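Accompanying notes for the structure given below.
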Amino acid sequence: MRLCFKHTILACLITCASFSQSKLNTFLKPSDTLNKSRRNAVAITEASVATLTLVGLNQLWYADYPNSKFHTLNDNSEWLQMDKLGHVFSAYQLGRIGANTLKWSGVSKKDQLIFGSSIGFAFLTVVEVFDGFSEEWGFSWGDMAANAAGAGLYVGQELLWDEQRFTVKYSFHRTDYAQLNPDKLGNGFSEEFLKDYNGQTYWLSFNIHSFFKDTKIPTWLNVAFGYGAEGMVSGTNNNGNEAITYQNPYRQYYLSLDVDLTRIKTNSHVLKTVFDVLNVIKVPFPALEFTDKNGIKFHGIYF
């Protein structure tokens with residue numbers, strides 16, 4: 001009797017879990033036609049998140065530095081351009097997410113590209129204006145060009161191929177440089193993940209099958225070209241502190257394989273959503289590194 005009761009409870013739990021997953025799967029399925037309630041929810045959510053993020057930045061980040069008159073800054077030579085690739089990555093991924101959420105609500109392709117993919121560019125433009133009024137930084141036309149390049153990469157591919165054959169991705173590993181200047185490079189993993197350019201790599205990952213559709217190459221297999229840099233503890237070597245200077249900085253170029261998670265076939269919209277979110281990260285694979293300093297170096301697994 002007790003065993004039968006346990007089996008009944010287990011069967012009920014499995015049924016409830018399956019029902020919940022089925023409801024979630026239905027909820028995450030993109031609408032074939034315009035769903036106004038979804039569209040309105042997306043618009044309100046994105047506007048609220050963007051507003052709260054900007055308010056948070058203004059209070060928690062910019063409040064620590066004095067304000068100034070609006071001014072520009074030419075920082076194109078700093079950080080061996082790693083910060084510029086960060087802008088390309090952010091604008092591309094925010095635009096992709098914006099377009100995909102509107103696709104989920106059944107918005108037309110045209111409106112996805114006009115309103116969805118421009119979200120990243122608009123948000124980063126406001127952040128750049130904040131920089132312009134901060135004495136510590138300044139409005140950077142180089143950053144704006146990188147923002148436009150990231151948004152344009154997404155929109156251009158949709159207009160040309162109606163799919164994303166090239167994806168901008170990110171990977172990170174911790175380095176010893178952060179402890180030399182934690183104010184700039186971060187203190188702890190959560191800060192270093194965003195600040196330590198020495199451990200960041202930005203990838204242009206392209207899908208092989210999308211160019212060679214008649215081959216037996218897996219639809220999800222990508223080849224990725226990466227760019228990174230090391231030896232940097234400040235934006236430039238001229239910062240007035242001899243203890244905090246470049247440590248023989250050099251550029252790094254990488255060649256590796258990757259996986260386009262969005263091209264893995266599955267009928268589960270839950271998994272599709274998870275894959276879509278995780279696709280911002282370059283999947284760890286063996287990689288070849290090319291530098292002027294070390295020549296060619298092989299990494300068994302590169303993060």
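Naming scheme: A, B, ... for chains in displayed order of the structure tokens; residues 1 onward per chain; ligands 1 onward as shown.
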
Find the nearest atom pair between each residue of segment 50-156 of chain A and segment 191-198 of chain A for residues within 8 Å, count only C-alpha atoms, give distances in Å to one decimal, sort rows by chain and ascending number, and present the table as a Markdown table.
```
| residue | atom | partner | partner_atom | distance |
| --- | --- | --- | --- | --- |
| A:Trp79 | CA | A:Tyr197 | CA | 7.4 |
| A:Met82 | CA | A:Tyr197 | CA | 6.4 |
| A:Asp83 | CA | A:Tyr197 | CA | 7.6 |
```

Go ahead and save the residues from that selection, with N, CA and C atoms, as a tab-separated table (two decimals), in the first residue's frame.
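This is the output file result_31.tsv:
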```tsv
chain	number	residue	atom	x	y	z
A	79	TRP	N	44.02	50.65	-24.86
A	79	TRP	CA	43.71	49.24	-24.65
A	79	TRP	C	43.89	48.38	-25.91
A	82	MET	N	40.83	46.89	-27.61
A	82	MET	CA	39.96	45.87	-27.03
A	82	MET	C	38.62	46.46	-26.58
A	83	ASP	N	38.65	47.69	-26.06
A	83	ASP	CA	37.40	48.31	-25.63
A	83	ASP	C	36.46	48.56	-26.80
```

Please provide the set of residues having any atom within 12 Å of Asn267 of chain A, restricted to only C-alpha atoms, with same-chain residues fewer than 6 positions apart removed, written as a PyMOL selection string.
chain A and resi 22+25-26+28-29+273

List every residue of segment 182-241 of chain A that has an atom at most 9 Å from any atom of segment 279-293 of chain A, giving for each one its closest atom pair and the distance in Å to one decimal, counting only C-alpha atoms, sorted by chain and then by ascending residue number, as JSON lines.
```
{"residue": "A:Tyr202", "atom": "CA", "partner": "A:Lys282", "partner_atom": "CA", "distance": 8.6}
{"residue": "A:Trp203", "atom": "CA", "partner": "A:Lys282", "partner_atom": "CA", "distance": 7.3}
{"residue": "A:Ser205", "atom": "CA", "partner": "A:Lys282", "partner_atom": "CA", "distance": 8.2}
{"residue": "A:Ala224", "atom": "CA", "partner": "A:Lys282", "partner_atom": "CA", "distance": 8.5}
{"residue": "A:Gly226", "atom": "CA", "partner": "A:Glu289", "partner_atom": "CA", "distance": 8.9}
```

Atoms to include: C-alpha atoms. Write the selected residues as a PDB file, in the first residue's frame.
```pdb
ATOM      1  CA  TYR A 202      36.335  38.643 -28.952  1.00  0.00           C
ATOM      2  CA  TRP A 203      35.447  36.224 -31.720  1.00  0.00           C
ATOM      3  CA  SER A 205      32.390  33.018 -35.501  1.00  0.00           C
ATOM      4  CA  ALA A 224      36.021  31.299 -35.189  1.00  0.00           C
ATOM      5  CA  GLY A 226      39.578  35.674 -32.245  1.00  0.00           C
TER       6      GLY A 226
END
```

**Asked** Mind checking DSSP for segment 97-242 of chain A and telling me the helix (DSSP H, G or I) residues as a PyMOL selection string?
**Response** chain A and resi 97-104+109-116+119-132+141-161+178-180+182-185+189-195+197-199

Could you list, as a list in words, every residue within 9 Å of segment 156-164 of chain A, counting only C-alpha atoms and ignoring same-chain residues fewer than 4 positions away?
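Residues meeting the cut-off are Leu113, Ala151, Gly152, Phe206, Asn207 and Ser210 of chain A.
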
Keeping only C-alpha atoms, write the selected residues as a PDB file, in the first residue's frame.
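part-v7.pdb was written with the following content:
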```pdb
ATOM      1  CA  LEU A 113      15.139  45.321 -37.688  1.00  0.00           C
ATOM      2  CA  ALA A 151      24.344  46.969 -34.921  1.00  0.00           C
ATOM      3  CA  GLY A 152      25.103  47.098 -38.641  1.00  0.00           C
ATOM      4  CA  PHE A 206      31.084  32.019 -38.935  1.00  0.00           C
ATOM      5  CA  ASN A 207      28.881  29.096 -39.791  1.00  0.00           C
ATOM      6  CA  SER A 210      25.456  28.345 -44.294  1.00  0.00           C
TER       7      SER A 210
END
```
